[in-house]
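Just below is one structure, and these are the notes that go with it.
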Amino acid sequence: MNVEQVAALYWQLLLAVGEDPEREGLRGTPKRVARWWQEFIDHDPGRTDTAFEEDLVADTDRIVVVRGIIAWSLCEHHLMPMKLELLIGYRPCGSVLGLSKFARIVSAHTHRLQLQERIVDGVATDIAKATGSADVGVVADGEHLCMSMRGVRQDQARTLSHNFSGAFADGGAPGNQLLAIAARTELR
Ligand SMILES: [Zn+2]
């Protein structure tokens, strides 16, 4: 990312919205915001592909559910923040993903201009890859500032989206359980 160019564009933006970019409170703003963009875009989530081998009975019905993963991203339609709470479920088939990997996989998809649905799809794909499981369910409960702040205030509006595969798909019990858990989930 070109920090100098982004800072120069924010200087122009302040001017274009009728502000004085040279006034006391705004003098450092273009550079500060450009550095924020750099941190956001150049974020390194670390390794997301390691899983622990574990001897599991092949026909186990065990489902692992991780809830309460909070992530922030930027909506690509309005360049405004969205806050997501994610719920991830999968049926382990020989390997179990370390807990920190879930957060890393999520952050690998949130540190760019995004759509909630694309984040959910990308996280589901990566969880399936990392665990080798064909049974993966991801639900996201999102608050979008582009909705909360604009026009008629929709402070309570939430967007729920999901990506289900294998045992979670087709309206089966595991998928419905995940949706039921997600419906009780409140953004903190
Ligand atoms: Zn938006």
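Starting from 1 in every chain, residues are counted up; chains themselves are A, B, ... following the order of the structure tokens, and ligands are numbered from 1 as listed.
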Nearby residues, ligand 1, 12 Å, only C-alpha atoms and all ligand atoms, as a compact mmCIF listing (two decimals) with N, CA and C atoms, in the first residue's frame:
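To be explicit, this is the file written out as out_37.txt:
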```txt
# COMPACT_ATOMS: atom_id res chain seq x y z
N SER A 73 -14.58 -5.72 9.84
CA SER A 73 -14.13 -5.59 8.47
C SER A 73 -14.69 -4.29 7.90
N LEU A 74 -14.41 -4.04 6.64
CA LEU A 74 -14.92 -2.83 5.98
C LEU A 74 -15.82 -3.23 4.82
N CYS A 75 -17.03 -2.72 4.83
CA CYS A 75 -17.99 -2.98 3.76
C CYS A 75 -17.51 -2.31 2.47
N GLU A 76 -17.45 -3.09 1.39
CA GLU A 76 -16.89 -2.55 0.16
C GLU A 76 -17.86 -1.61 -0.57
N HIS A 77 -19.11 -1.59 -0.16
CA HIS A 77 -20.07 -0.69 -0.80
C HIS A 77 -20.01 0.72 -0.24
N HIS A 78 -19.66 0.85 1.05
CA HIS A 78 -19.68 2.17 1.69
C HIS A 78 -18.37 2.52 2.39
N LEU A 79 -17.40 1.61 2.38
CA LEU A 79 -16.15 1.80 3.12
C LEU A 79 -16.42 2.10 4.59
N MET A 80 -17.41 1.44 5.16
CA MET A 80 -17.72 1.63 6.57
C MET A 80 -17.59 0.30 7.30
N PRO A 81 -17.29 0.39 8.62
CA PRO A 81 -17.03 -0.84 9.38
C PRO A 81 -18.26 -1.73 9.52
N MET A 82 -18.01 -3.03 9.55
CA MET A 82 -19.02 -3.99 9.97
C MET A 82 -18.42 -4.83 11.08
N LYS A 83 -19.26 -5.11 12.09
CA LYS A 83 -18.81 -5.94 13.20
C LYS A 83 -19.53 -7.28 13.10
N LEU A 113 -11.41 -4.88 1.85
CA LEU A 113 -12.78 -4.46 1.57
C LEU A 113 -13.61 -5.71 1.30
N GLN A 114 -14.72 -5.84 2.00
CA GLN A 114 -15.42 -7.11 1.99
C GLN A 114 -16.94 -7.00 1.97
N LEU A 115 -17.56 -8.14 1.78
CA LEU A 115 -19.00 -8.36 1.96
C LEU A 115 -19.15 -9.46 3.00
N GLN A 116 -20.17 -9.35 3.84
CA GLN A 116 -20.35 -10.36 4.89
C GLN A 116 -20.46 -11.77 4.30
N GLY A 142 -24.02 -9.96 11.72
CA GLY A 142 -23.28 -8.74 11.45
C GLY A 142 -24.05 -7.46 11.73
N GLU A 143 -23.34 -6.48 12.27
CA GLU A 143 -23.88 -5.12 12.35
C GLU A 143 -23.08 -4.26 11.39
N HIS A 144 -23.78 -3.59 10.49
CA HIS A 144 -23.12 -2.79 9.46
C HIS A 144 -23.36 -1.31 9.74
N LEU A 145 -22.28 -0.55 9.94
CA LEU A 145 -22.46 0.88 10.25
C LEU A 145 -23.11 1.62 9.09
N CYS A 146 -22.96 1.10 7.85
CA CYS A 146 -23.61 1.77 6.72
C CYS A 146 -25.13 1.70 6.88
N MET A 147 -25.63 0.70 7.62
CA MET A 147 -27.06 0.62 7.92
C MET A 147 -27.37 1.36 9.21
N SER A 148 -26.54 1.18 10.23
CA SER A 148 -26.82 1.74 11.54
C SER A 148 -26.76 3.27 11.55
N MET A 149 -25.89 3.84 10.71
CA MET A 149 -25.66 5.30 10.78
C MET A 149 -26.47 6.10 9.79
N ARG A 150 -26.92 5.46 8.70
CA ARG A 150 -27.52 6.21 7.61
C ARG A 150 -29.02 6.35 7.76
N THR A 159 -27.60 -8.51 10.18
CA THR A 159 -27.60 -9.34 8.98
C THR A 159 -27.05 -10.71 9.35
```
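Taking only C-alpha atoms, the non-local environment of range 20-36 of chain A within 6 Å (same-chain residues fewer than 6 positions away omitted) comprises Val3, Val6, Ala7, Tyr10, Trp11 and Leu14 of chain A.
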In range 47-161 of chain A, DSSP alpha helix (DSSP H) residues written as JSON, numbers by chain: {"A": [99, 100, 101, 102, 103, 104, 105, 106, 107, 108, 109, 110, 116, 117, 118, 119, 120, 121, 122, 123, 124, 125, 126, 127, 128, 129, 130, 131, 145, 146, 147, 148]}
Keeping only C-alpha atoms, take the residues you just selected and write them out as a short mmCIF file (atom, residue, chain, number, x, y, z; two decimals), in the first residue's frame.
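Contents of result-v5.cif, as written:
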```cif
data_model
loop_
_atom_site.label_atom_id
_atom_site.label_comp_id
_atom_site.auth_asym_id
_atom_site.auth_seq_id
_atom_site.Cartn_x
_atom_site.Cartn_y
_atom_site.Cartn_z
CA LEU A 99 -8.62 -22.62 18.66
CA SER A 100 -6.35 -19.75 17.63
CA LYS A 101 -6.58 -20.93 14.01
CA PHE A 102 -10.25 -20.00 13.83
CA ALA A 103 -9.52 -16.39 14.68
CA ARG A 104 -6.59 -16.36 12.22
CA ILE A 105 -8.65 -17.80 9.40
CA VAL A 106 -11.34 -15.20 10.09
CA SER A 107 -8.88 -12.31 10.16
CA ALA A 108 -7.32 -13.52 6.89
CA HIS A 109 -10.70 -12.74 5.29
CA THR A 110 -11.69 -9.56 7.13
CA GLN A 116 -20.35 -10.36 4.89
CA GLU A 117 -21.42 -13.23 2.60
CA ARG A 118 -17.96 -13.45 1.00
CA ILE A 119 -16.30 -13.58 4.45
CA VAL A 120 -18.61 -16.43 5.50
CA ASP A 121 -17.93 -18.37 2.26
CA GLY A 122 -14.15 -17.84 2.49
CA VAL A 123 -13.99 -18.89 6.15
CA ALA A 124 -16.06 -22.02 5.41
CA THR A 125 -13.75 -22.97 2.53
CA ASP A 126 -10.61 -22.50 4.67
CA ILE A 127 -12.04 -24.42 7.65
CA ALA A 128 -12.86 -27.31 5.31
CA LYS A 129 -9.32 -27.21 3.88
CA ALA A 130 -7.60 -26.97 7.28
CA THR A 131 -9.63 -29.74 8.93
CA LEU A 145 -22.46 0.88 10.25
CA CYS A 146 -23.61 1.77 6.72
CA MET A 147 -27.06 0.62 7.92
CA SER A 148 -26.82 1.74 11.54
#
```
Residues near Ala182 in chain A, anyone? I mean within 9 Å using only C-alpha atoms, not counting same-chain ones fewer than 3 positions away, as a compact mmCIF listing (two decimals) with C-alpha atoms, in the first residue's frame.
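Result went into around.txt, see below:
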```
# COMPACT_ATOMS: atom_id res chain seq x y z
CA ARG A 67 -18.75 -19.36 19.06
CA GLU A 85 -19.86 -12.34 15.45
CA LEU A 86 -19.07 -15.72 13.94
CA LEU A 87 -20.14 -19.18 14.90
CA VAL A 139 -22.85 -18.40 10.61
CA ALA A 140 -22.17 -14.67 10.86
CA ASP A 141 -24.28 -12.15 12.75
CA LEU A 160 -27.43 -13.09 9.42
CA GLN A 177 -28.75 -26.31 15.74
CA LEU A 178 -26.07 -23.87 14.58
CA LEU A 179 -28.72 -21.39 13.40
CA THR A 185 -26.12 -14.74 20.04
CA GLU A 186 -26.01 -11.05 20.90
```
Members of range 62-132 of chain A assigned strand (DSSP E or B) by DSSP, as a ChimeraX atom specification: /A:64-75,80-90,95-96,113-114
Interatomic distance (Å, one decimal) between CA of Ala183 in chain A and CA of Gly94 in chain A: 29.8 Å
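In this structure, CA of Gly68 in chain A sits 21.6 Å away from CA of Ala169 in chain A.
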